[in-house]
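What follows is upload32.pdb (PDB, C-alpha atoms, pLDDT in the B column).
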```pdb
ATOM      1  CA  MET A 229      59.165  72.070  61.221  1.00 59.00           C
ATOM      2  CA  ALA A 230      56.763  73.631  63.703  1.00 67.00           C
ATOM      3  CA  GLU A 231      57.827  76.726  65.550  1.00 68.00           C
ATOM      4  CA  THR A 232      57.475  76.775  69.388  1.00 65.00           C
ATOM      5  CA  GLN A 233      54.863  79.266  70.523  1.00 64.00           C
ATOM      6  CA  LEU A 234      55.958  81.073  73.677  1.00 65.00           C
ATOM      7  CA  ASN A 235      52.484  82.509  74.264  1.00 65.00           C
ATOM      8  CA  ALA A 236      50.747  79.133  74.381  1.00 57.00           C
ATOM      9  CA  ALA A 237      48.691  78.341  77.457  1.00 59.00           C
ATOM     10  CA  LEU A 238      50.558  76.452  80.157  1.00 60.00           C
ATOM     11  CA  ARG A 239      49.419  72.940  80.953  1.00 59.00           C
ATOM     12  CA  ALA A 240      47.732  72.702  84.348  1.00 57.00           C
ATOM     13  CA  LYS A 241      49.383  70.612  87.040  1.00 59.00           C
ATOM     14  CA  GLN A 242      47.560  67.365  87.613  1.00 61.00           C
ATOM     15  CA  GLY A 243      45.701  67.146  90.919  1.00 62.00           C
ATOM     16  CA  VAL A 244      45.792  70.873  91.717  1.00 61.00           C
ATOM     17  CA  ARG A 245      42.475  72.660  91.607  1.00 65.00           C
ATOM     18  CA  HIS A 246      42.044  75.990  89.877  1.00 68.00           C
ATOM     19  CA  THR A 247      40.753  79.044  91.712  1.00 67.00           C
ATOM     20  CA  ALA A 248      39.378  82.388  90.697  1.00 72.00           C
ATOM     21  CA  THR A 249      42.291  84.249  92.277  1.00 71.00           C
ATOM     22  CA  ARG A 250      44.848  85.610  89.844  1.00 75.00           C
ATOM     23  CA  SER A 251      47.856  85.410  92.149  1.00 79.00           C
ATOM     24  CA  GLY A 252      48.887  84.634  95.693  1.00 84.00           C
ATOM     25  CA  VAL A 253      48.613  81.427  97.632  1.00 83.00           C
ATOM     26  CA  THR A 254      46.206  78.612  96.833  1.00 79.00           C
ATOM     27  CA  HIS A 255      45.801  76.042  99.591  1.00 76.00           C
ATOM     28  CA  VAL A 256      45.975  72.413  98.507  1.00 80.00           C
ATOM     29  CA  ARG A 257      44.449  70.719 101.508  1.00 81.00           C
ATOM     30  CA  ALA A 258      44.711  67.107 102.581  1.00 85.00           C
ATOM     31  CA  TYR A 259      42.709  65.217 105.179  1.00 85.00           C
ATOM     32  CA  HIS A 260      44.724  64.377 108.315  1.00 85.00           C
ATOM     33  CA  PRO A 261      42.910  61.783 110.437  1.00 87.00           C
ATOM     34  CA  ASN A 262      45.675  61.752 113.086  1.00 88.00           C
ATOM     35  CA  ARG A 263      49.159  63.051 113.898  1.00 85.00           C
ATOM     36  CA  TYR A 264      48.538  66.765 113.368  1.00 85.00           C
ATOM     37  CA  THR A 265      48.958  69.939 115.413  1.00 87.00           C
ATOM     38  CA  ILE A 266      46.569  72.872 115.471  1.00 87.00           C
ATOM     39  CA  VAL A 267      48.369  76.224 115.311  1.00 90.00           C
ATOM     40  CA  GLY A 268      46.568  79.508 115.807  1.00 90.00           C
ATOM     41  CA  ASN A 269      46.927  82.304 113.294  1.00 91.00           C
ATOM     42  CA  HIS A 270      48.092  84.595 116.108  1.00 91.00           C
ATOM     43  CA  LEU A 271      51.300  82.517 116.127  1.00 92.00           C
ATOM     44  CA  ALA A 272      51.592  81.675 112.432  1.00 92.00           C
ATOM     45  CA  LEU A 273      51.104  85.313 111.357  1.00 92.00           C
ATOM     46  CA  HIS A 274      52.844  87.008 114.296  1.00 92.00           C
ATOM     47  CA  ARG A 275      54.637  90.141 113.026  1.00 91.00           C
ATOM     48  CA  GLU A 276      57.067  90.464 115.943  1.00 92.00           C
ATOM     49  CA  LEU A 277      58.435  86.898 115.922  1.00 95.00           C
ATOM     50  CA  SER A 278      61.148  85.614 113.590  1.00 95.00           C
ATOM     51  CA  VAL A 279      60.414  82.688 111.317  1.00 96.00           C
ATOM     52  CA  THR A 280      62.832  80.650 113.460  1.00 96.00           C
ATOM     53  CA  ALA A 281      60.801  81.387 116.604  1.00 96.00           C
ATOM     54  CA  ILE A 282      57.501  80.575 114.872  1.00 96.00           C
ATOM     55  CA  GLY A 283      58.865  77.288 113.531  1.00 96.00           C
ATOM     56  CA  LEU A 284      60.345  76.376 116.900  1.00 97.00           C
ATOM     57  CA  ALA A 285      57.023  77.142 118.617  1.00 95.00           C
ATOM     58  CA  VAL A 286      55.168  74.895 116.160  1.00 95.00           C
ATOM     59  CA  HIS A 287      57.699  72.118 116.801  1.00 95.00           C
ATOM     60  CA  ILE A 288      57.371  72.462 120.583  1.00 95.00           C
ATOM     61  CA  LEU A 289      53.553  72.507 120.342  1.00 93.00           C
ATOM     62  CA  SER A 290      53.705  69.235 118.395  1.00 93.00           C
ATOM     63  CA  LEU A 291      55.784  67.429 121.041  1.00 93.00           C
ATOM     64  CA  PRO A 292      54.236  65.058 123.598  1.00 92.00           C
ATOM     65  CA  GLU A 293      54.144  65.867 127.317  1.00 90.00           C
ATOM     66  CA  SER A 294      57.525  65.680 129.095  1.00 89.00           C
ATOM     67  CA  ALA A 295      59.553  65.881 125.875  1.00 93.00           C
ATOM     68  CA  PRO A 296      62.906  67.629 126.425  1.00 93.00           C
ATOM     69  CA  VAL A 297      62.966  71.160 124.984  1.00 93.00           C
ATOM     70  CA  ASP A 298      66.294  72.457 126.217  1.00 92.00           C
ATOM     71  CA  ILE A 299      68.656  74.344 123.904  1.00 94.00           C
ATOM     72  CA  ARG A 300      71.041  71.421 123.519  1.00 95.00           C
ATOM     73  CA  THR A 301      68.295  68.961 122.484  1.00 95.00           C
ATOM     74  CA  LEU A 302      66.716  71.432 120.043  1.00 96.00           C
ATOM     75  CA  ALA A 303      70.121  72.316 118.535  1.00 96.00           C
ATOM     76  CA  GLU A 304      70.761  68.611 117.896  1.00 96.00           C
ATOM     77  CA  ARG A 305      67.407  68.364 116.104  1.00 95.00           C
ATOM     78  CA  PHE A 306      67.688  71.531 113.957  1.00 96.00           C
ATOM     79  CA  PRO A 307      70.564  73.007 111.917  1.00 95.00           C
ATOM     80  CA  GLU A 308      70.196  76.550 113.358  1.00 94.00           C
ATOM     81  CA  GLY A 309      72.631  76.030 116.213  1.00 93.00           C
ATOM     82  CA  ARG A 310      72.493  76.911 119.890  1.00 96.00           C
ATOM     83  CA  ASP A 311      72.659  80.693 119.558  1.00 97.00           C
ATOM     84  CA  ARG A 312      69.721  80.971 117.148  1.00 97.00           C
ATOM     85  CA  ILE A 313      67.693  78.425 119.134  1.00 96.00           C
ATOM     86  CA  ALA A 314      68.364  80.342 122.376  1.00 96.00           C
ATOM     87  CA  PHE A 315      67.388  83.635 120.718  1.00 97.00           C
ATOM     88  CA  ALA A 316      64.162  82.104 119.346  1.00 97.00           C
ATOM     89  CA  LEU A 317      63.250  80.732 122.789  1.00 96.00           C
ATOM     90  CA  ARG A 318      63.811  84.196 124.309  1.00 95.00           C
ATOM     91  CA  GLU A 319      61.522  85.680 121.629  1.00 95.00           C
ATOM     92  CA  LEU A 320      58.816  83.163 122.531  1.00 95.00           C
ATOM     93  CA  GLU A 321      59.260  83.984 126.223  1.00 94.00           C
ATOM     94  CA  ALA A 322      58.992  87.715 125.537  1.00 93.00           C
ATOM     95  CA  CYS A 323      55.671  87.193 123.758  1.00 93.00           C
ATOM     96  CA  GLY A 324      54.345  84.826 126.414  1.00 93.00           C
ATOM     97  CA  TYR A 325      54.221  81.680 124.300  1.00 94.00           C
ATOM     98  CA  LEU A 326      56.815  80.010 126.515  1.00 94.00           C
ATOM     99  CA  GLU A 327      57.665  80.054 130.227  1.00 93.00           C
ATOM    100  CA  ARG A 328      60.816  78.488 131.678  1.00 92.00           C
ATOM    101  CA  VAL A 329      60.827  78.014 135.441  1.00 93.00           C
ATOM    102  CA  ARG A 330      63.756  76.677 137.496  1.00 93.00           C
ATOM    103  CA  GLU A 331      62.567  74.255 140.174  1.00 93.00           C
ATOM    104  CA  ARG A 332      64.240  72.069 142.777  1.00 94.00           C
ATOM    105  CA  THR A 333      63.226  68.382 142.783  1.00 92.00           C
ATOM    106  CA  ALA A 334      62.677  66.327 145.939  1.00 94.00           C
ATOM    107  CA  GLU A 335      66.240  65.023 145.505  1.00 95.00           C
ATOM    108  CA  GLY A 336      67.573  68.587 145.522  1.00 94.00           C
ATOM    109  CA  GLN A 337      68.430  68.718 141.791  1.00 95.00           C
ATOM    110  CA  MET A 338      67.630  71.927 139.886  1.00 94.00           C
ATOM    111  CA  VAL A 339      65.584  71.360 136.731  1.00 90.00           C
ATOM    112  CA  THR A 340      63.970  73.662 134.195  1.00 88.00           C
ATOM    113  CA  ARG A 341      60.253  73.167 133.678  1.00 90.00           C
ATOM    114  CA  THR A 342      59.013  74.548 130.365  1.00 91.00           C
ATOM    115  CA  TYR A 343      55.385  75.608 129.871  1.00 93.00           C
ATOM    116  CA  VAL A 344      54.230  76.233 126.324  1.00 92.00           C
ATOM    117  CA  HIS A 345      51.037  78.225 125.741  1.00 91.00           C
ATOM    118  CA  HIS A 346      48.757  77.833 122.758  1.00 88.00           C
ATOM    119  CA  GLY A 347      48.045  81.551 122.831  1.00 86.00           C
ATOM    120  CA  PRO A 348      50.181  84.660 123.319  1.00 83.00           C
ATOM    121  CA  GLY A 349      50.539  86.373 126.662  1.00 73.00           C
ATOM    122  CA  GLY A 350      50.814  83.233 128.770  1.00 65.00           C
ATOM    123  CA  ALA A 351      49.236  82.822 132.164  1.00 56.00           C
ATOM    124  CA  SER A 352      50.470  86.214 133.288  1.00 56.00           C
ATOM    125  CA  GLY A 353      48.666  88.045 130.484  1.00 53.00           C
ATOM    126  CA  ARG A 354      51.780  90.163 129.969  1.00 55.00           C
ATOM    127  CA  ARG A 355      52.113  92.456 127.010  1.00 54.00           C
ATOM    128  CA  CYS A 356      53.212  90.784 123.823  1.00 60.00           C
ATOM    129  CA  CYS A 357      56.666  91.793 122.589  1.00 55.00           C
ATOM    130  CA  ARG A 358      56.858  95.487 121.745  1.00 55.00           C
ATOM    131  CA  ARG A 359      53.158  95.918 121.131  1.00 51.00           C
ATOM    132  CA  ARG A 360      50.943  97.922 123.470  1.00 43.00           C
ATOM    133  CA  HIS A 361      47.978  95.510 123.564  1.00 40.00           C
ATOM    134  CA  ARG A 362      47.406  92.504 125.808  1.00 44.00           C
ATOM    135  CA  CYS A 363      47.320  89.251 123.870  1.00 48.00           C
ATOM    136  CA  ARG A 364      45.429  87.041 126.343  1.00 42.00           C
ATOM    137  CA  THR A 365      44.587  87.276 129.990  1.00 36.00           C
ATOM    138  CA  GLY A 366      43.106  85.322 132.861  1.00 35.00           C
ATOM    139  CA  ALA A 367      40.996  82.255 132.172  1.00 38.00           C
ATOM    140  CA  ASP A 368      41.655  82.398 128.416  1.00 41.00           C
ATOM    141  CA  ALA A 369      45.387  82.049 128.982  1.00 38.00           C
ATOM    142  CA  GLU A 370      44.942  79.331 131.605  1.00 40.00           C
ATOM    143  CA  ALA A 371      42.667  77.331 129.274  1.00 43.00           C
ATOM    144  CA  GLY A 372      45.281  77.527 126.504  1.00 44.00           C
ATOM    145  CA  ARG A 373      48.142  76.279 128.712  1.00 42.00           C
ATOM    146  CA  THR A 374      49.826  72.980 127.885  1.00 43.00           C
ATOM    147  CA  ARG A 375      52.605  71.648 130.067  1.00 43.00           C
ATOM    148  CA  THR A 376      55.662  70.298 128.347  1.00 43.00           C
ATOM    149  CA  GLY A 377      57.900  69.374 131.215  1.00 42.00           C
ATOM    150  CA  SER A 378      61.612  69.474 130.582  1.00 41.00           C
ATOM    151  CA  ALA A 379      62.778  67.830 133.765  1.00 43.00           C
ATOM    152  CA  SER A 380      65.989  66.557 132.250  1.00 40.00           C
ATOM    153  CA  GLY A 381      68.065  68.873 134.403  1.00 39.00           C
ATOM    154  CA  ALA A 382      69.678  70.351 131.293  1.00 39.00           C
ATOM    155  CA  ARG A 383      70.125  74.090 131.126  1.00 39.00           C
ATOM    156  CA  THR A 384      67.961  75.979 128.651  1.00 38.00           C
TER
END
```

When written as C-alpha cells, how does the structure in this file appear?
Amino acid sequence: MAETQLNAALRAKQGVRHTATRSGVTHVRAYHPNRYTIVGNHLALHRELSVTAIGLAVHILSLPESAPVDIRTLAERFPEGRDRIAFALRELEACGYLERVRERTAEGQMVTRTYVHHGPGGASGRRCCRRRHRCRTGADAEAGRTRTGSASGART
C-alpha cells in the first residue's frame, strides 16, 4: 500500500492563473460589459473609514438616481441594523463622501436630500475625517458629485 506524501506539490486550481508573487492577493478578473460600479481607491483603501462605511458607500454609489437611502431602507436591506447603518452614514458625512440636506417641498413637506460624492471632501472641500490634508476641493469635487435624491420624506 502506498504511503501518502505530505510534501507533494499541491494541484493547481483549474481556471486560476499563476503569478510570480509568493503570497498576497492575486486578482482573478472578469469582463463586465454592463451593470458595474467604478469605485476609487481613495474610498476602497480609506484608513479612517470602517468596513461597514466603505461597503455602504459602494452600495449607495451603485444605486440609480432617486433611490431611497434613508436609515430605515438601508437597515431593511442589510443585516447590520439601524445603529450601525446610522454610524456608517455619519462616518461618510465626516469624510465628505455623503451630504444630507433637509429641504421643504412645494407642498410644505420636509424631506432629506442625499448627495453622494465619488471623491472625498465633497463640494465643500472640507478636511477628511481626522486627517490634516484636504481630500478634494473646488471643481474636482463638483465634477465628482452624483445626486441620489432621497425625497421619500423618511428621516435619515

Taking 3 positions as the minimum chain separation for residues in the same chain, which residues sit within 8 Å of stretch 263-276 of chain A when counting only C-alpha atoms? Answer as a PDB file with C-alpha atoms, keeping the file's coordinate frame.
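Once everything was written out, this is out-v6.pdb:
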```
ATOM      1  CA  HIS A 260      44.724  64.377 108.315  1.00 85.00           C
ATOM      2  CA  ILE A 282      57.501  80.575 114.872  1.00 96.00           C
ATOM      3  CA  VAL A 286      55.168  74.895 116.160  1.00 95.00           C
ATOM      4  CA  LEU A 289      53.553  72.507 120.342  1.00 93.00           C
ATOM      5  CA  SER A 290      53.705  69.235 118.395  1.00 93.00           C
ATOM      6  CA  HIS A 346      48.757  77.833 122.758  1.00 88.00           C
ATOM      7  CA  GLY A 347      48.045  81.551 122.831  1.00 86.00           C
ATOM      8  CA  PRO A 348      50.181  84.660 123.319  1.00 83.00           C
ATOM      9  CA  CYS A 357      56.666  91.793 122.589  1.00 55.00           C
ATOM     10  CA  ARG A 358      56.858  95.487 121.745  1.00 55.00           C
TER      11      ARG A 358
END
```

Looking at only C-alpha atoms, which of A:Gly309, A:Gly349, A:Pro261, A:Gly336 is the one that sits closest to A:Cys323?
-> A:Gly349

Target residues per the PyMOL selection byres ((chain A and resi 299) around 10), formatted as an MDAnalysis selection string | chainID A and resid 296:298 300:305 309:315 317 382:384

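Restricting the calculation to all atoms listed in the file, the smallest distance between A:Glu308 and any of A:Ala248, A:Ala322, A:Val253, A:Leu284 is found for A:Leu284.
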
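If all atoms listed in the file are the atoms counted, then among A:Arg250, A:Arg332, A:His287, A:His255 the closest residue to A:Phe306 is A:His287.
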
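All residues of protein, DNA or RNA that reach within 9 Å of A:Ala316, judged by all atoms listed in the file and not counting those fewer than 5 positions away in the chain, are Leu277, Ser278, Val279, Thr280, Ala281, Ile282, Leu284, Ala285, Asp311 and Glu321 of chain A.
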
Could the residues in this selection be written to a file with C-alpha atoms, as a short mmCIF file (atom, residue, chain, number, x, y, z; two decimals), in the coordinates of the input?
```cif
data_model
loop_
_atom_site.label_atom_id
_atom_site.label_comp_id
_atom_site.auth_asym_id
_atom_site.auth_seq_id
_atom_site.Cartn_x
_atom_site.Cartn_y
_atom_site.Cartn_z
CA LEU A 277 58.44 86.90 115.92
CA SER A 278 61.15 85.61 113.59
CA VAL A 279 60.41 82.69 111.32
CA THR A 280 62.83 80.65 113.46
CA ALA A 281 60.80 81.39 116.60
CA ILE A 282 57.50 80.58 114.87
CA LEU A 284 60.34 76.38 116.90
CA ALA A 285 57.02 77.14 118.62
CA ASP A 311 72.66 80.69 119.56
CA GLU A 321 59.26 83.98 126.22
#
```

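Taking atom CA of A:Glu327 and atom CA of A:Thr340 as the two end points, the separation is 9.8 Å.
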
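In this model, the gap between atom CA of A:Glu319 and atom CA of A:Val339 comes to 21.2 Å.
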
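Note that atom CA of A:Ile288 and atom CA of A:Arg328 are 13.1 Å apart.
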
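Counting only C-alpha atoms, the residue from A:Val329, A:Val256, A:Ala334, A:Leu320 that sits nearest to A:Gly283 is A:Leu320.
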